[in-house]
file upload.cif (mmCIF, C-alpha atoms)
data_query
loop_
_atom_site.label_atom_id
_atom_site.label_comp_id
_atom_site.auth_asym_id
_atom_site.auth_seq_id
_atom_site.Cartn_x
_atom_site.Cartn_y
_atom_site.Cartn_z
CA TYR A 21 8.16 18.42 -18.41
CA ARG A 22 6.24 19.15 -21.58
CA LEU A 23 4.35 15.87 -21.19
CA PHE A 24 3.58 13.98 -17.98
CA LEU A 25 1.98 10.53 -18.05
CA VAL A 26 -0.08 9.06 -15.19
CA ILE A 27 -0.75 5.43 -16.08
CA ALA A 28 -2.39 2.82 -13.87
CA PRO A 29 -5.36 0.42 -13.99
CA ALA A 30 -8.80 1.53 -12.81
CA GLY A 31 -9.12 2.14 -9.10
CA TYR A 32 -5.56 3.23 -8.30
CA GLY A 33 -6.60 6.80 -7.54
CA LYS A 34 -5.19 8.59 -10.60
CA THR A 35 -7.95 11.17 -10.83
CA SER A 36 -8.22 11.62 -7.05
CA ALA A 37 -4.49 12.26 -6.78
CA LEU A 38 -4.59 14.85 -9.54
CA VAL A 39 -7.69 16.57 -8.15
CA ASP A 40 -5.89 16.84 -4.81
CA TRP A 41 -2.81 18.22 -6.54
CA ALA A 42 -4.82 20.69 -8.65
CA HIS A 43 -6.39 22.21 -5.53
CA GLN A 44 -2.93 22.83 -4.08
CA ALA A 45 -0.99 23.68 -7.24
CA GLU A 46 0.43 27.14 -7.73
CA LEU A 47 0.03 26.75 -11.49
CA PRO A 48 -3.32 27.33 -13.22
CA VAL A 49 -4.91 23.99 -14.15
CA CYS A 50 -7.08 23.32 -17.21
CA TRP A 51 -9.04 20.06 -16.96
CA TYR A 52 -10.64 17.94 -19.68
CA ALA A 53 -12.31 14.67 -18.67
CA VAL A 54 -12.74 12.53 -21.79
CA ASP A 55 -15.87 10.38 -22.03
CA GLU A 56 -17.17 7.76 -24.43
CA PHE A 57 -18.87 10.39 -26.62
CA ASP A 58 -15.56 12.14 -27.39
CA GLN A 59 -14.18 9.49 -29.73
CA ASP A 60 -13.96 11.91 -32.61
CA ALA A 61 -10.78 13.88 -33.27
CA ARG A 62 -12.59 17.09 -34.15
CA GLN A 63 -14.66 17.00 -30.97
CA PHE A 64 -11.65 16.05 -28.86
CA ILE A 65 -9.64 19.01 -30.15
CA ALA A 66 -12.61 21.34 -29.61
CA TYR A 67 -12.79 20.26 -25.97
CA VAL A 68 -9.04 20.73 -25.48
CA ILE A 69 -9.40 24.29 -26.75
CA ALA A 70 -12.46 24.84 -24.54
CA ALA A 71 -10.66 23.52 -21.45
CA ILE A 72 -7.86 26.06 -21.90
CA THR A 73 -10.35 28.84 -22.71
CA GLU A 74 -12.24 28.13 -19.49
CA ARG A 75 -9.16 29.16 -17.52
CA PHE A 76 -7.83 31.78 -19.96
CA PRO A 77 -10.86 33.51 -21.58
CA GLU A 78 -8.76 35.60 -23.97
CA PHE A 79 -7.45 32.43 -25.56
CA GLY A 80 -9.44 30.27 -27.94
CA ALA A 81 -11.36 32.39 -30.42
CA ARG A 82 -8.74 32.07 -33.15
CA SER A 83 -8.11 28.38 -32.40
CA ALA A 84 -11.81 27.49 -32.46
CA ALA A 85 -12.29 29.41 -35.70
CA ALA A 86 -9.39 27.55 -37.34
CA LEU A 87 -10.91 24.23 -36.29
CA ARG A 88 -14.34 25.19 -37.67
CA SER A 89 -12.79 26.28 -40.96
CA MET A 90 -11.44 22.78 -41.61
CA THR A 91 -14.73 21.38 -42.83
CA GLN A 92 -13.27 18.42 -44.70
CA THR A 93 -9.90 17.13 -43.51
CA LEU A 94 -8.12 18.29 -40.37
CA ASP A 95 -4.74 19.83 -41.06
CA ILE A 96 -3.16 18.95 -37.71
CA GLN A 97 0.10 20.82 -38.24
CA ARG A 98 -1.62 24.06 -39.26
CA LEU A 99 -4.19 23.74 -36.49
CA VAL A 100 -1.53 23.15 -33.84
CA GLN A 101 0.42 26.15 -35.10
CA VAL A 102 -2.67 28.35 -34.71
CA ILE A 103 -3.23 27.04 -31.17
CA VAL A 104 0.44 27.58 -30.30
CA ASN A 105 0.34 31.20 -31.56
CA ASP A 106 -3.00 31.81 -29.83
CA ALA A 107 -1.55 30.59 -26.52
CA TYR A 108 1.67 32.55 -26.97
CA GLU A 109 -0.27 35.79 -27.44
CA HIS A 110 -2.86 35.32 -24.70
CA ILE A 111 -1.34 33.16 -21.95
CA ARG A 112 1.47 34.80 -19.99
CA GLU A 113 2.16 32.14 -17.36
CA HIS A 114 2.97 28.48 -16.94
CA PHE A 115 -0.11 26.26 -16.86
CA VAL A 116 -1.12 22.61 -16.80
CA LEU A 117 -3.56 20.89 -19.15
CA ILE A 118 -4.86 17.63 -17.67
CA VAL A 119 -6.58 15.20 -20.05
CA ASP A 120 -8.24 12.57 -17.87
CA ASP A 121 -9.22 9.11 -19.19
CA TYR A 122 -7.13 9.62 -22.31
CA HIS A 123 -7.17 5.86 -22.97
CA ILE A 124 -10.70 6.27 -24.38
CA VAL A 125 -9.36 8.11 -27.44
CA GLN A 126 -5.73 7.05 -27.68
CA GLU A 127 -6.39 4.59 -30.52
CA ASP A 128 -7.39 7.50 -32.78
CA GLU A 129 -4.31 8.28 -34.89
CA VAL A 130 -5.40 11.89 -35.48
CA VAL A 131 -5.83 12.50 -31.75
CA SER A 132 -2.41 10.96 -31.07
CA ALA A 133 -0.79 13.09 -33.76
CA PHE A 134 -2.48 16.20 -32.35
CA ILE A 135 -1.32 15.54 -28.78
CA SER A 136 2.22 14.73 -29.92
CA ALA A 137 2.48 17.90 -32.00
CA LEU A 138 0.89 20.05 -29.29
CA ALA A 139 3.24 18.75 -26.60
CA GLN A 140 6.31 19.41 -28.72
CA GLN A 141 5.36 22.74 -30.28
CA MET A 142 3.61 24.59 -27.45
CA ASP A 143 5.74 27.04 -25.52
CA GLU A 144 7.59 25.45 -22.59
CA SER A 145 5.10 27.15 -20.26
CA CYS A 146 2.50 24.52 -21.22
CA HIS A 147 2.62 21.20 -19.36
CA ILE A 148 0.29 18.45 -20.63
CA VAL A 149 -0.75 15.62 -18.29
CA LEU A 150 -2.29 12.51 -19.87
CA VAL A 151 -4.15 10.18 -17.50
CA SER A 152 -4.69 6.66 -18.80
CA ARG A 153 -5.46 3.11 -17.73
CA THR A 154 -3.16 1.70 -20.40
CA LEU A 155 0.26 2.41 -21.89
CA LEU A 156 0.18 5.09 -24.53
CA ALA A 157 1.35 5.01 -28.14
CA VAL A 158 2.17 8.69 -28.59
CA PRO A 159 4.11 9.53 -31.78
CA ASP A 160 7.64 10.78 -31.15
CA LEU A 161 7.55 9.47 -27.57
CA PRO A 162 11.12 8.07 -27.76
CA LEU A 163 12.34 11.41 -29.09
CA MET A 164 10.69 13.32 -26.25
CA ILE A 165 12.10 10.88 -23.71
CA ALA A 166 15.58 11.36 -25.17
CA ARG A 167 15.13 15.11 -24.77
CA SER A 168 14.04 14.68 -21.13
CA GLN A 169 10.68 16.23 -21.92
CA ILE A 170 8.54 13.47 -20.38
CA GLY A 171 7.89 12.42 -16.79
CA GLY A 172 5.35 10.11 -15.26
CA LEU A 173 3.80 8.03 -12.54
CA GLY A 174 2.83 4.34 -12.72
CA TYR A 175 0.71 2.12 -10.53
CA GLU A 176 3.74 1.36 -8.34
CA ASP A 177 3.84 5.05 -7.39
CA LEU A 178 0.10 5.20 -6.68
CA ALA A 179 -0.25 1.87 -4.86
CA PHE A 180 -0.85 2.19 -1.12
CA ARG A 181 1.93 1.02 1.17
CA THR A 182 1.65 -0.63 4.56
CA GLU A 183 1.92 2.54 6.63
CA GLU A 184 -0.51 4.35 4.34
CA VAL A 185 -3.13 1.63 4.84
CA GLN A 186 -2.64 1.90 8.60
CA ASP A 187 -3.06 5.70 8.42
CA LEU A 188 -6.18 5.31 6.28
CA VAL A 189 -7.82 2.85 8.68
CA LEU A 190 -6.96 5.03 11.66
CA GLN A 191 -8.24 8.21 10.01
CA ASN A 192 -11.45 6.82 8.53
CA TYR A 193 -12.42 4.08 10.97
CA HIS A 194 -10.52 4.95 14.17
CA LEU A 195 -9.03 1.48 14.22
CA THR A 196 -5.42 0.47 14.70
CA MET A 197 -4.39 -2.19 12.19
CA PRO A 198 -1.31 -4.27 13.06
CA ALA A 199 1.56 -3.76 10.64
CA ALA A 200 1.70 -7.46 9.72
CA GLU A 201 -1.99 -7.53 8.77
CA ALA A 202 -1.71 -4.27 6.82
CA LYS A 203 1.35 -5.59 4.97
CA ASP A 204 -0.43 -8.82 4.11
CA LEU A 205 -3.48 -6.91 2.85
CA VAL A 206 -1.31 -4.62 0.72
CA GLU A 207 0.46 -7.60 -0.84
CA GLN A 208 -2.79 -9.38 -1.65
CA ALA A 209 -4.49 -6.25 -3.02
CA GLU A 210 -1.29 -5.03 -4.72
CA GLY A 211 -1.88 -1.63 -3.14
CA TRP A 212 -5.14 -1.20 -5.07
CA ILE A 213 -6.92 1.59 -3.20
CA THR A 214 -10.40 0.76 -4.52
CA GLY A 215 -10.06 -2.80 -3.25
CA LEU A 216 -8.79 -1.55 0.09
CA LEU A 217 -11.71 0.85 0.44
CA LEU A 218 -14.26 -1.77 -0.57
CA SER A 219 -12.85 -4.07 2.07
CA ALA A 220 -13.94 -1.51 4.67
CA GLN A 221 -17.37 -3.19 4.51
CA THR A 222 -15.88 -5.83 6.81
CA MET A 223 -14.12 -3.19 8.92
CA TRP A 224 -10.77 -4.59 7.75
CA GLN A 225 -10.97 -7.61 10.08
CA GLY A 226 -9.58 -10.78 8.54
CA MET A 227 -9.70 -9.27 5.03
CA ALA A 228 -6.24 -10.52 4.08
CA ASP A 229 -7.35 -14.12 4.72
CA ARG A 230 -10.51 -13.61 2.66
CA VAL A 231 -8.58 -12.11 -0.24
CA ARG A 232 -6.08 -14.98 -0.17
CA THR A 233 -8.89 -17.55 -0.17
CA ALA A 234 -10.57 -15.80 -3.08
CA ARG A 235 -7.38 -15.86 -5.12
CA VAL A 236 -6.74 -19.55 -4.42
CA SER A 237 -10.28 -20.35 -5.55
CA GLY A 238 -9.63 -18.56 -8.83
CA LEU A 239 -12.00 -15.65 -8.19
CA GLY A 240 -10.61 -12.35 -9.48
CA LEU A 241 -9.74 -9.73 -6.88
CA TYR A 242 -11.99 -7.11 -8.46
CA ASP A 243 -14.94 -9.52 -8.64
CA TYR A 244 -14.40 -10.58 -5.05
CA MET A 245 -14.17 -7.03 -3.74
CA ALA A 246 -17.19 -5.94 -5.76
CA GLN A 247 -19.25 -8.73 -4.17
CA GLN A 248 -18.48 -7.30 -0.73
CA THR A 249 -20.47 -4.08 -1.44
#

call {"tool": "encode", "arguments": {"input": "upload.cif", "output": "structure tokens"}}
result
Amino acid sequence: YRLFLVIAPAGYGKTSALVDWAHQAELPVCWYAVDEFDQDARQFIAYVIAAITERFPEFGARSAAALRSMTQTLDIQRLVQVIVNDAYEHIREHFVLIVDDYHIVQEDEVVSAFISALAQQMDESCHIVLVSRTLLAVPDLPLMIARSQIGGLGYEDLAFRTEEVQDLVLQNYHLTMPAAEAKDLVEQAEGWITGLLLSAQTMWQGMADRVRTARVSGLGLYDYMAQQT
């Protein structure tokens, strides 16, 4: 895939899953973790270039210079073309660019246009992974889907299942949780790994009943779990 989307609410283990994968991947991985201070298209693009340069030092000089030269308005198409040519000349293998917490900047139309153009115009050796808490509005997304250029994972894929909760409890706490209790807990927590881990404060005993009571009383699951820490 040219573009791979990992979309799920906070606490479903998106970043943890990708960190695990990156350590085992045969492909080189470039990582950019977006934060609240990156809500500027120019800065975002600079960090994308820097993330790739970190892994491929020969790449980036021309791309960074092109970005700096656009002192007024960003010419996204020209900039992307420079980055594409820079990568073509200096990167000789397939690689992955992971942009974590992309939801922080996805409302920026220039950022969205940049990512859309980059995903479509980069050589097929580049695979971009966008990690987000919310659904993305990437330009040309339907077109890329029609061309089978996009894959993804949602919260249903990341949610813990009954046997996984049992394995987790056994591995971390050396306790055997009955399948019925694990299933009930999974259903109440909707497989939310953060909630399941927070519930470890009570050593998993009777947690399903507590979660059910909290929901009946109108207390949000996150608020309830957070109060247990």

call {"tool": "atom_distance", "arguments": {"input": "upload.cif", "atom1": "CA of Gly174 in chain A", "atom2": "CA of Asp55 in chain A"}}
result
21.7 Å

call {"tool": "resolve_selection", "arguments": {"input": "upload.cif", "expression": "the PyMOL selection byres ((chain A and resi 158-165) around 10)", "output": "list in words"}}
result
Tyr21, Arg22, Leu23, Gln126, Glu127, Glu129, Val131, Ser132, Ala133, Phe134, Ile135, Ser136, Ala137, Ala139, Gln140, Leu155, Leu156, Ala157, Ala166, Arg167, Ser168, Gln169, Ile170 and Gly171 of chain A

call {"tool": "write_last_selection", "arguments": {"input": "upload.cif", "atoms": "C-alpha atoms", "output": "compact mmCIF listing (two decimals), keeping the file's coordinate frame"}}
result
# COMPACT_ATOMS: atom_id res chain seq x y z
CA TYR A 21 8.16 18.42 -18.41
CA ARG A 22 6.24 19.15 -21.58
CA LEU A 23 4.35 15.87 -21.19
CA GLN A 126 -5.73 7.05 -27.68
CA GLU A 127 -6.39 4.59 -30.52
CA GLU A 129 -4.31 8.28 -34.89
CA VAL A 131 -5.83 12.50 -31.75
CA SER A 132 -2.41 10.96 -31.07
CA ALA A 133 -0.79 13.09 -33.76
CA PHE A 134 -2.48 16.20 -32.35
CA ILE A 135 -1.32 15.54 -28.78
CA SER A 136 2.22 14.73 -29.92
CA ALA A 137 2.48 17.90 -32.00
CA ALA A 139 3.24 18.75 -26.60
CA GLN A 140 6.31 19.41 -28.72
CA LEU A 155 0.26 2.41 -21.89
CA LEU A 156 0.18 5.09 -24.53
CA ALA A 157 1.35 5.01 -28.14
CA ALA A 166 15.58 11.36 -25.17
CA ARG A 167 15.13 15.11 -24.77
CA SER A 168 14.04 14.68 -21.13
CA GLN A 169 10.68 16.23 -21.92
CA ILE A 170 8.54 13.47 -20.38
CA GLY A 171 7.89 12.42 -16.79

call {"tool": "atom_distance", "arguments": {"input": "upload.cif", "atom1": "CA of Ala45 in chain A", "atom2": "CA of Ile27 in chain A"}}
result
20.3 Å

call {"tool": "atom_distance", "arguments": {"input": "upload.cif", "atom1": "CA of Ile148 in chain A", "atom2": "CA of Gln63 in chain A"}}
result
18.2 Å

call {"tool": "resolve_selection", "arguments": {"input": "upload.cif", "expression": "the PyMOL selection byres ((chain A and resi 96) around 9)", "output": "count of residues only"}}
result
11

call {"tool": "build_atoms", "arguments": {"input": "upload.cif", "residues": "range 163-174 of chain A", "atoms": "all heavy atoms", "output": "short mmCIF file (atom, residue, chain, number, x, y, z; two decimals), keeping the file's coordinate frame"}}
result
data_model
loop_
_atom_site.label_atom_id
_atom_site.label_comp_id
_atom_site.auth_asym_id
_atom_site.auth_seq_id
_atom_site.Cartn_x
_atom_site.Cartn_y
_atom_site.Cartn_z
N LEU A 163 11.61 10.17 -28.89
CA LEU A 163 12.34 11.41 -29.09
C LEU A 163 12.17 12.34 -27.89
O LEU A 163 13.15 12.95 -27.41
CB LEU A 163 11.85 12.11 -30.36
CG LEU A 163 12.46 13.48 -30.67
CD1 LEU A 163 13.97 13.35 -30.89
CD2 LEU A 163 11.79 14.09 -31.90
N MET A 164 10.95 12.44 -27.39
CA MET A 164 10.69 13.32 -26.25
C MET A 164 11.37 12.79 -24.98
O MET A 164 11.84 13.56 -24.15
CB MET A 164 9.19 13.48 -26.03
CG MET A 164 8.49 14.19 -27.19
SD MET A 164 6.73 14.50 -26.86
CE MET A 164 6.86 15.79 -25.62
N ILE A 165 11.41 11.47 -24.85
CA ILE A 165 12.10 10.88 -23.71
C ILE A 165 13.59 11.20 -23.78
O ILE A 165 14.22 11.57 -22.78
CB ILE A 165 11.87 9.35 -23.67
CG1 ILE A 165 10.41 9.04 -23.34
CG2 ILE A 165 12.80 8.69 -22.64
CD1 ILE A 165 10.06 7.57 -23.44
N ALA A 166 14.16 11.08 -24.98
CA ALA A 166 15.58 11.36 -25.17
C ALA A 166 15.91 12.81 -24.85
O ALA A 166 17.02 13.12 -24.40
CB ALA A 166 15.99 11.04 -26.61
N ARG A 167 14.94 13.68 -25.05
CA ARG A 167 15.13 15.11 -24.77
C ARG A 167 14.75 15.48 -23.34
O ARG A 167 14.71 16.65 -22.98
CB ARG A 167 14.30 15.94 -25.75
CG ARG A 167 14.79 15.86 -27.19
CD ARG A 167 13.85 16.61 -28.13
NE ARG A 167 14.37 16.64 -29.50
CZ ARG A 167 13.69 17.12 -30.55
NH1 ARG A 167 12.46 17.59 -30.37
NH2 ARG A 167 14.24 17.12 -31.75
N SER A 168 14.44 14.47 -22.53
CA SER A 168 14.04 14.68 -21.13
C SER A 168 12.83 15.59 -21.01
O SER A 168 12.73 16.41 -20.10
CB SER A 168 15.22 15.26 -20.33
OG SER A 168 16.32 14.40 -20.36
N GLN A 169 11.87 15.41 -21.92
CA GLN A 169 10.68 16.23 -21.92
C GLN A 169 9.47 15.52 -21.31
O GLN A 169 8.39 16.09 -21.22
CB GLN A 169 10.33 16.64 -23.36
CG GLN A 169 11.38 17.54 -24.01
CD GLN A 169 11.08 17.82 -25.48
OE1 GLN A 169 10.40 17.05 -26.15
NE2 GLN A 169 11.56 18.95 -25.97
N ILE A 170 9.66 14.27 -20.88
CA ILE A 170 8.54 13.47 -20.38
C ILE A 170 8.84 12.94 -18.98
O ILE A 170 9.93 12.48 -18.69
CB ILE A 170 8.26 12.28 -21.32
CG1 ILE A 170 7.75 12.79 -22.68
CG2 ILE A 170 7.22 11.34 -20.72
CD1 ILE A 170 7.39 11.69 -23.65
N GLY A 171 7.83 13.03 -18.11
CA GLY A 171 7.89 12.42 -16.79
C GLY A 171 6.65 11.57 -16.59
O GLY A 171 5.78 11.52 -17.47
N GLY A 172 6.55 10.92 -15.46
CA GLY A 172 5.35 10.11 -15.26
C GLY A 172 5.27 9.39 -13.94
O GLY A 172 6.24 9.32 -13.18
N LEU A 173 4.09 8.86 -13.70
CA LEU A 173 3.80 8.03 -12.54
C LEU A 173 3.12 6.75 -13.02
O LEU A 173 2.27 6.80 -13.93
CB LEU A 173 2.86 8.74 -11.56
CG LEU A 173 3.36 10.00 -10.85
CD1 LEU A 173 2.22 10.63 -10.05
CD2 LEU A 173 4.53 9.67 -9.94
N GLY A 174 3.48 5.61 -12.42
CA GLY A 174 2.83 4.34 -12.72
C GLY A 174 2.08 3.83 -11.51
O GLY A 174 2.03 4.48 -10.46
#
